[in-house]
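Structure below is upload.csv: CSV, C-alpha atoms.
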chain,number,residue,atom,x,y,z
K,1,MET,CA,0.0,0.0,0.0
K,2,THR,CA,1.0,3.6,-0.5
K,3,ASP,CA,0.4,6.8,1.5
K,4,ARG,CA,-2.7,7.2,-0.7
K,5,GLY,CA,-4.1,3.8,0.3
K,6,PRO,CA,-4.2,0.6,-1.7
K,7,THR,CA,-3.2,0.6,-5.3
K,8,LEU,CA,-5.5,-0.4,-8.1
K,9,ASP,CA,-3.9,-3.8,-8.2
K,10,GLN,CA,-4.3,-4.3,-4.5
K,11,ILE,CA,-8.0,-3.3,-4.7
K,12,ARG,CA,-8.5,-5.9,-7.5
K,13,ALA,CA,-6.7,-8.5,-5.3
K,14,MET,CA,-9.1,-7.7,-2.5
K,15,LEU,CA,-12.1,-8.3,-4.7
K,16,THR,CA,-10.9,-11.3,-6.6
K,17,GLY,CA,-9.6,-13.2,-3.5
K,18,ASP,CA,-5.9,-12.8,-4.3
K,19,SER,CA,-5.2,-10.6,-1.2
K,20,PRO,CA,-3.7,-12.6,1.6
K,21,ILE,CA,-4.3,-9.6,3.9
K,22,LEU,CA,-8.0,-9.5,3.4
K,23,ALA,CA,-8.3,-13.3,3.6
K,24,ALA,CA,-6.5,-13.2,7.0
K,25,GLN,CA,-8.7,-10.4,8.2
K,26,ARG,CA,-11.9,-12.2,7.3
K,27,LYS,CA,-10.7,-15.4,9.0
K,28,ARG,CA,-9.8,-13.4,12.2
K,29,PHE,CA,-12.7,-11.1,12.3
K,30,ARG,CA,-15.4,-13.8,11.8
K,31,HIS,CA,-14.6,-15.1,15.3
K,32,LEU,CA,-15.3,-11.8,17.0
K,33,PRO,CA,-18.8,-11.2,18.3
K,34,SER,CA,-21.2,-10.3,16.8
K,35,ASP,CA,-23.5,-9.9,13.7
K,36,PRO,CA,-24.2,-7.7,11.7
K,37,ARG,CA,-20.8,-7.4,10.0
K,38,CYS,CA,-19.0,-5.6,7.2
K,39,LYS,CA,-19.8,-7.3,4.0
K,40,LEU,CA,-16.2,-7.3,2.9
K,41,CYS,CA,-13.8,-7.7,5.9
K,42,MET,CA,-16.3,-9.4,8.3
K,43,VAL,CA,-15.5,-6.9,11.2
K,44,PRO,CA,-18.5,-7.0,13.7
K,45,PHE,CA,-20.7,-4.0,14.2
K,46,ARG,CA,-22.2,-5.2,17.5
K,47,GLY,CA,-20.9,-6.7,20.7
K,48,LEU,CA,-17.6,-6.6,22.5
K,49,GLY,CA,-15.7,-7.3,19.3
K,50,ALA,CA,-17.2,-4.1,17.7
K,51,VAL,CA,-16.2,-2.1,20.8
K,52,ALA,CA,-12.6,-3.3,20.5
K,53,MET,CA,-12.3,-2.8,16.8
K,54,LYS,CA,-13.9,0.7,16.8
K,55,HIS,CA,-10.8,1.9,18.6
K,56,MET,CA,-8.8,0.8,15.6
K,57,GLY,CA,-11.0,2.7,13.2
K,58,TYR,CA,-13.3,-0.2,12.2
K,59,GLY,CA,-16.7,1.5,12.7
K,60,GLN,CA,-19.9,1.1,10.7
K,61,SER,CA,-19.9,3.5,7.8
K,62,PRO,CA,-22.6,6.2,8.2
K,63,GLY,CA,-23.1,6.3,4.5
K,64,ASN,CA,-23.5,2.5,4.0
K,65,PRO,CA,-24.4,0.5,7.2
K,66,SER,CA,-23.4,-2.8,5.4
K,67,MET,CA,-19.8,-1.7,5.2
K,68,CYS,CA,-17.1,-0.6,7.6
K,69,SER,CA,-15.5,2.8,7.2
K,70,LYS,CA,-12.0,1.2,6.7
K,71,CYS,CA,-13.2,-0.8,3.7
K,72,ILE,CA,-15.0,2.2,2.2
K,73,SER,CA,-12.0,4.4,2.7
K,74,ALA,CA,-9.7,1.8,1.1
K,75,MET,CA,-12.0,1.6,-1.9
K,76,ARG,CA,-12.3,5.3,-2.3
K,77,ALA,CA,-8.7,6.4,-1.4
K,78,ARG,CA,-7.7,6.6,-5.1
K,79,GLY,CA,-11.1,7.5,-6.4
K,80,VAL,CA,-11.8,3.8,-7.3
K,81,THR,CA,-15.2,2.7,-6.0
K,82,GLY,CA,-15.0,-0.8,-7.6
K,83,LEU,CA,-13.9,-2.9,-10.5
K,84,GLU,CA,-15.2,-5.4,-13.0
K,85,ILE,CA,-14.6,-8.9,-11.8
K,86,PRO,CA,-16.1,-12.4,-12.1
K,87,VAL,CA,-19.0,-12.9,-9.9
K,88,THR,CA,-21.9,-15.4,-9.2
K,89,LEU,CA,-25.3,-14.2,-8.2
K,90,VAL,CA,-28.3,-15.8,-6.6
K,91,PHE,CA,-31.7,-14.2,-7.0
K,92,SER,CA,-34.8,-15.7,-5.3
K,93,ASP,CA,-38.2,-14.2,-5.1
K,94,VAL,CA,-41.7,-15.3,-3.9
K,95,ARG,CA,-44.0,-16.5,-6.6
K,96,GLY,CA,-47.5,-15.0,-6.3
K,97,SER,CA,-46.6,-12.5,-3.6
K,98,THR,CA,-49.3,-10.1,-4.7
K,99,SER,CA,-52.1,-12.6,-4.2
K,100,LEU,CA,-50.4,-13.8,-0.9
K,101,GLY,CA,-50.4,-10.2,0.2
K,102,GLU,CA,-54.1,-9.8,-0.6
K,103,ARG,CA,-55.0,-12.8,1.5
K,104,MET,CA,-52.9,-11.7,4.5
K,105,ARG,CA,-53.1,-8.8,6.8
K,106,PRO,CA,-50.2,-6.4,6.3
K,107,LYS,CA,-48.5,-7.5,9.5
K,108,GLU,CA,-48.9,-11.1,8.6
K,109,PHE,CA,-47.4,-10.6,5.2
K,110,ARG,CA,-44.5,-8.7,6.6
K,111,GLU,CA,-43.8,-11.6,9.0
K,112,PHE,CA,-44.1,-14.0,6.1
K,113,LEU,CA,-41.5,-12.1,4.2
K,114,GLY,CA,-39.4,-11.9,7.3
K,115,HIS,CA,-39.2,-15.7,7.4
K,116,PHE,CA,-38.1,-15.7,3.8
K,117,TYR,CA,-35.4,-13.1,4.4
K,118,ASP,CA,-34.2,-15.0,7.4
K,119,LEU,CA,-33.8,-18.4,5.7
K,120,ALA,CA,-32.4,-16.9,2.6
K,121,THR,CA,-29.8,-15.0,4.6
K,122,HIS,CA,-28.7,-18.1,6.4
K,123,ALA,CA,-28.4,-20.1,3.2
K,124,ILE,CA,-26.3,-17.4,1.5
K,125,ILE,CA,-24.0,-16.6,4.4
K,126,GLU,CA,-23.5,-20.3,5.3
K,127,HIS,CA,-22.1,-20.8,1.8
K,128,ASP,CA,-19.8,-17.8,2.0
K,129,GLY,CA,-21.8,-15.3,0.1
K,130,ILE,CA,-23.1,-11.9,1.1
K,131,ILE,CA,-26.6,-10.4,1.0
K,132,ASP,CA,-26.5,-7.9,-1.8
K,133,LYS,CA,-29.9,-6.6,-0.9
K,134,PHE,CA,-33.6,-7.3,-0.1
K,135,VAL,CA,-36.0,-5.8,-2.6
K,136,GLY,CA,-39.7,-6.3,-1.8
K,137,ASP,CA,-40.2,-10.1,-2.1
K,138,GLU,CA,-36.8,-10.7,-3.5
K,139,VAL,CA,-33.4,-11.7,-2.0
K,140,ILE,CA,-30.1,-11.2,-3.8
K,141,GLY,CA,-26.9,-13.1,-2.9
K,142,LEU,CA,-23.5,-12.1,-4.2
K,143,PHE,CA,-20.5,-14.4,-4.4
K,144,PHE,CA,-17.0,-13.5,-5.7
K,145,GLY,CA,-13.4,-14.4,-5.0
K,146,GLY,CA,-12.7,-11.9,-2.3
K,147,ILE,CA,-15.4,-13.2,0.0
K,148,SER,CA,-16.3,-16.7,-1.4
K,149,GLY,CA,-12.9,-18.0,-2.7
K,150,PRO,CA,-12.0,-19.3,-6.1
K,151,ASP,CA,-15.0,-21.7,-6.2
K,152,HIS,CA,-17.6,-18.9,-5.9
K,153,THR,CA,-19.8,-20.3,-8.6
K,154,ALA,CA,-20.1,-23.7,-6.9
K,155,ALA,CA,-20.8,-21.8,-3.6
K,156,GLY,CA,-23.5,-19.8,-5.3
K,157,ILE,CA,-25.2,-22.9,-6.8
K,158,ALA,CA,-25.0,-24.6,-3.4
K,159,ALA,CA,-26.6,-21.6,-1.7
K,160,GLY,CA,-29.4,-21.4,-4.3
K,161,MET,CA,-30.3,-25.0,-3.8
K,162,ASP,CA,-30.1,-24.8,-0.1
K,163,LEU,CA,-32.3,-21.7,-0.1
K,164,ALA,CA,-34.9,-23.5,-2.3
K,165,GLU,CA,-34.9,-26.5,0.0
K,166,ARG,CA,-35.4,-24.4,3.1
K,167,ALA,CA,-38.2,-22.4,1.5
K,168,ALA,CA,-40.0,-25.6,0.4
K,169,ARG,CA,-40.1,-27.1,3.9
K,170,PRO,CA,-43.6,-27.3,5.4
K,171,ASP,CA,-42.4,-25.5,8.5
K,172,ALA,CA,-40.6,-22.7,6.5
K,173,THR,CA,-43.2,-20.3,8.0
K,174,PRO,CA,-46.1,-20.8,10.4
K,175,MET,CA,-48.3,-20.6,7.3
K,176,GLY,CA,-46.4,-23.3,5.5
K,177,PRO,CA,-43.8,-23.4,2.7
K,178,ILE,CA,-42.6,-20.4,0.7
K,179,PRO,CA,-43.2,-20.6,-3.0
K,180,ALA,CA,-39.8,-19.3,-4.0
K,181,GLY,CA,-38.3,-19.3,-7.5
K,182,THR,CA,-34.5,-19.0,-7.7
K,183,GLY,CA,-31.9,-18.2,-10.4
K,184,VAL,CA,-28.1,-18.6,-10.4
K,185,HIS,CA,-25.8,-17.2,-13.0
K,186,THR,CA,-22.1,-16.2,-13.3
K,187,GLY,CA,-20.2,-13.7,-15.3
K,188,ASP,CA,-18.3,-10.4,-15.1
K,189,ALA,CA,-19.9,-7.5,-13.2
K,190,PHE,CA,-18.9,-4.2,-11.6
K,191,VAL,CA,-18.5,-4.8,-7.9
K,192,GLY,CA,-18.0,-2.0,-5.5
K,193,ALA,CA,-19.4,1.0,-3.7
K,194,THR,CA,-22.1,3.0,-5.5
K,195,SER,CA,-22.5,6.6,-4.6
K,196,LEU,CA,-24.5,9.7,-5.2
K,197,GLY,CA,-22.2,12.6,-5.0
K,198,ASP,CA,-19.8,12.1,-2.0
K,199,ALA,CA,-22.2,9.8,-0.1
K,200,VAL,CA,-21.7,6.0,-0.4
K,201,GLU,CA,-25.1,4.4,-1.0
K,202,ASP,CA,-24.4,0.7,-1.3
K,203,PHE,CA,-21.8,-2.0,-2.0
K,204,THR,CA,-23.3,-4.1,-4.8
K,205,ALA,CA,-22.9,-5.7,-8.2
K,206,LEU,CA,-24.0,-4.0,-11.5
K,207,GLY,CA,-24.2,-5.1,-15.1
K,208,ASP,CA,-25.7,-7.6,-17.5
K,209,THR,CA,-24.9,-10.6,-15.3
K,210,VAL,CA,-27.0,-9.1,-12.6
K,211,ASN,CA,-29.9,-8.4,-14.9
K,212,THR,CA,-29.8,-11.9,-16.5
K,213,THR,CA,-29.8,-13.6,-13.0
K,214,ALA,CA,-32.9,-11.6,-12.1
K,215,ARG,CA,-34.6,-12.8,-15.3
K,216,LEU,CA,-33.8,-16.4,-14.5
K,217,ALA,CA,-35.4,-16.1,-11.0
K,218,ALA,CA,-38.4,-14.5,-12.6
K,219,SER,CA,-38.8,-17.5,-14.9
K,220,ALA,CA,-38.4,-20.1,-12.2
K,221,ALA,CA,-41.5,-21.8,-10.8
K,222,ALA,CA,-41.9,-22.3,-7.0
K,223,GLY,CA,-39.3,-24.8,-5.8
K,224,GLU,CA,-37.2,-24.5,-9.0
K,225,VAL,CA,-33.6,-23.4,-9.2
K,226,LEU,CA,-32.7,-22.3,-12.8
K,227,ILE,CA,-28.9,-22.5,-13.2
K,228,SER,CA,-27.4,-21.0,-16.3
K,229,VAL,CA,-25.2,-23.5,-18.3
K,230,PRO,CA,-22.2,-21.2,-17.9
K,231,ALA,CA,-22.6,-21.3,-14.1
K,232,ALA,CA,-23.1,-25.1,-14.1
K,233,GLU,CA,-20.0,-25.6,-16.3
K,234,ALA,CA,-17.9,-23.2,-14.2
K,235,ALA,CA,-18.8,-25.1,-11.1
K,236,GLY,CA,-18.6,-28.6,-12.6
K,237,HIS,CA,-22.2,-29.1,-11.7
K,238,SER,CA,-23.6,-32.2,-13.4
K,239,SER,CA,-26.6,-31.8,-15.6
K,240,GLU,CA,-27.1,-35.5,-16.2
K,241,GLY,CA,-30.8,-36.4,-16.0
K,242,LEU,CA,-31.9,-32.8,-15.4
K,243,GLU,CA,-34.3,-30.8,-17.5
K,244,ARG,CA,-32.8,-28.2,-19.8
K,245,ARG,CA,-34.5,-25.1,-21.0
K,246,SER,CA,-33.8,-22.3,-23.5
K,247,LEU,CA,-35.1,-19.0,-22.1
K,248,THR,CA,-35.7,-15.8,-24.0
K,249,VAL,CA,-34.4,-13.1,-21.8
K,250,ARG,CA,-35.5,-9.5,-22.3
K,251,GLY,CA,-32.5,-7.3,-23.3
K,252,ARG,CA,-30.4,-10.2,-24.7
K,253,SER,CA,-30.2,-11.1,-28.3
K,254,GLN,CA,-29.5,-14.8,-27.6
K,255,PRO,CA,-31.5,-17.1,-25.4
K,256,VAL,CA,-30.0,-18.3,-22.1
K,257,GLU,CA,-29.6,-22.0,-21.6
K,258,VAL,CA,-30.4,-23.3,-18.1
K,259,ILE,CA,-30.6,-26.6,-16.2
K,260,VAL,CA,-33.4,-27.1,-13.8
K,261,GLU,CA,-32.9,-28.2,-10.2
K,262,ARG,CA,-35.9,-28.7,-7.9
K,263,ALA,CA,-36.2,-28.5,-4.1
K,264,GLY,CA,-36.6,-32.1,-2.9
K,265,VAL,CA,-39.5,-31.3,-0.6
K,266,ALA,CA,-41.3,-29.4,-3.4
K,267,ALA,CA,-40.8,-32.2,-5.9
K,268,ALA,CA,-42.0,-34.9,-3.6
Go ahead and render the structure in this file as structure tokens.
Amino acid sequence: MTDRGPTLDQIRAMLTGDSPILAAQRKRFRHLPSDPRCKLCMVPFRGLGAVAMKHMGYGQSPGNPSMCSKCISAMRARGVTGLEIPVTLVFSDVRGSTSLGERMRPKEFREFLGHFYDLATHAIIEHDGIIDKFVGDEVIGLFFGGISGPDHTAAGIAAGMDLAERAARPDATPMGPIPAGTGVHTGDAFVGATSLGDAVEDFTALGDTVNTTARLAASAAAGEVLISVPAAEAAGHSSEGLERRSLTVRGRSQPVEVIVERAGVAAA
């Protein structure tokens, strides 16, 4: 690092998983209490661990509560908010949420979505991903080398299938299973801090890969996980005996080839 903070190559290494410094930090910080944590370095924002680390400058960023001020400052020290790197994304949303919302009282529907957010969060984080965001009835998980390791595509597929299994369980909510459709795709995307003026708004992924994954999730029936063929090939995920589909995706000139996995409980 220089006096101006990390170099462009060092920032890229942080995001692609080639930074031994960040890897060591994540391994060390994940043992400190307690959640929630910085999406990138895993420093805690609550508990005794947070108190101790705050004295070292690791505080929750006021501009983006999902990141710590150290990571934000490292990303912005040279005016670089992010880079284009290989990523894997998991999108999952609730099928028929409008009709579900009409049948439930607002508080009940919010609790229903809360159960979905909770199980999706556990599935994504337990497979070394991060929660990109919650948008209405949709959960977005992000996997890339800096936080998931070199096998981030396999981790994303495992998370998507785990999420679908959890959602399909009869006890997923007090009202029963959650009719979630899930999509998994991999490719290059811009990953970093988005901003409006000088205020950091979010740490997220942007680009065609993100949009395509969203379309896959929208095309998945309840209990289905649509995995793009590029993602399956990158992860060495066998498609033997699985249904294949060719999807016309808005905004793309060529169809997207996918394989179809189904939650075991839903398919039973």
Please, which residues in region 115-165 of chain K fall within 10 Å of region 57-67 of chain K when counting all atoms listed in the file, and what is the closest atom pair and distance in Å to one decimal for each, ordered by chain then residue number, as JSON lines?
{"residue": "K:Ile131", "atom": "CA", "partner": "K:Ser66", "partner_atom": "CA", "distance": 9.3}
{"residue": "K:Asp132", "atom": "CA", "partner": "K:Ser66", "partner_atom": "CA", "distance": 9.4}
{"residue": "K:Lys133", "atom": "CA", "partner": "K:Ser66", "partner_atom": "CA", "distance": 9.8}
Deliver the residues from the most recent selection as a file, using C-alpha atoms, as a PDB file, in the frame of the given file.
ATOM      1  CA  ILE K 131     -26.600 -10.400   1.000  1.00  0.00           C
ATOM      2  CA  ASP K 132     -26.500  -7.900  -1.800  1.00  0.00           C
ATOM      3  CA  LYS K 133     -29.900  -6.600  -0.900  1.00  0.00           C
TER       4      LYS K 133
END
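Nearest to Ser219 (chain K) of all the residues K:Gly160, K:Arg95, K:Phe134, K:Pro177 is K:Arg95, based on all atoms listed in the file.
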**OP:** Find the spatial neighbours of region 82-90 of chain K, counting only C-alpha atoms, within a cut-off of 7 Å - ignore same-chain residues fewer than 3 positions away - and output them as a PyMOL selection string.
**Re:** chain K and resi 12+16+75+140-144+152-153+156+160+183-193+210+213
Original post:
If you measure from CA of Cys71 (chain K) to CA of Pro150 (chain K), what distance in Å do you get, rounded to one decimal?
Top reply: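 So the answer is 21.0 Å.
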Original post:
When distances are computed from only C-alpha atoms, which of K:Ala263, K:Met56, K:Met42, K:Leu100 shows the smallest separation from Gly129 (chain K)?
Top reply: K:Met42
**OP:** Provide the CA of Val260 (chain K) to CA of Pro230 (chain K) distance in Å, to one decimal place.
**Re:**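 That distance, rounded to one decimal, is 13.3 Å.
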Original post:
Between K:Glu240, K:Gly264, K:Leu40, K:Asp35, which one has atoms that come closest to Gly145 (chain K), using all atoms listed in the file?
Top reply: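 Among K:Glu240, K:Gly264, K:Leu40, K:Asp35, it is K:Leu40 that comes nearest to Gly145 (chain K).
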**OP:** Name all residues at most 7 Å from Phe112 (chain K) (count all atoms listed in the file; drop same-chain ones fewer than 4 positions away) and give them as a PyMOL selection string.
**Re:** chain K and resi 108+116+173
Once you have the residues from the selection above, write them out as a JSON list (two decimals), keeping the file's coordinate frame, restricted to C-alpha atoms.
[["chain", "number", "residue", "atom", "x", "y", "z"],
["K", 108, "GLU", "CA", -48.90, -11.10, 8.60],
["K", 116, "PHE", "CA", -38.10, -15.70, 3.80],
["K", 173, "THR", "CA", -43.20, -20.30, 8.00]]
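Coordinates place CA of Asp151 (chain K) at a distance of 24.5 Å from CA of Pro36 (chain K).
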**OP:** Find the residues around Phe45 (chain K) up to 9 Å (all atoms listed in the file counted), leave out those fewer than 2 positions away in its own chain, and share them as a PyMOL selection string.
**Re:** chain K and resi 33-38+43+47+49-51+53-54+58-60+68
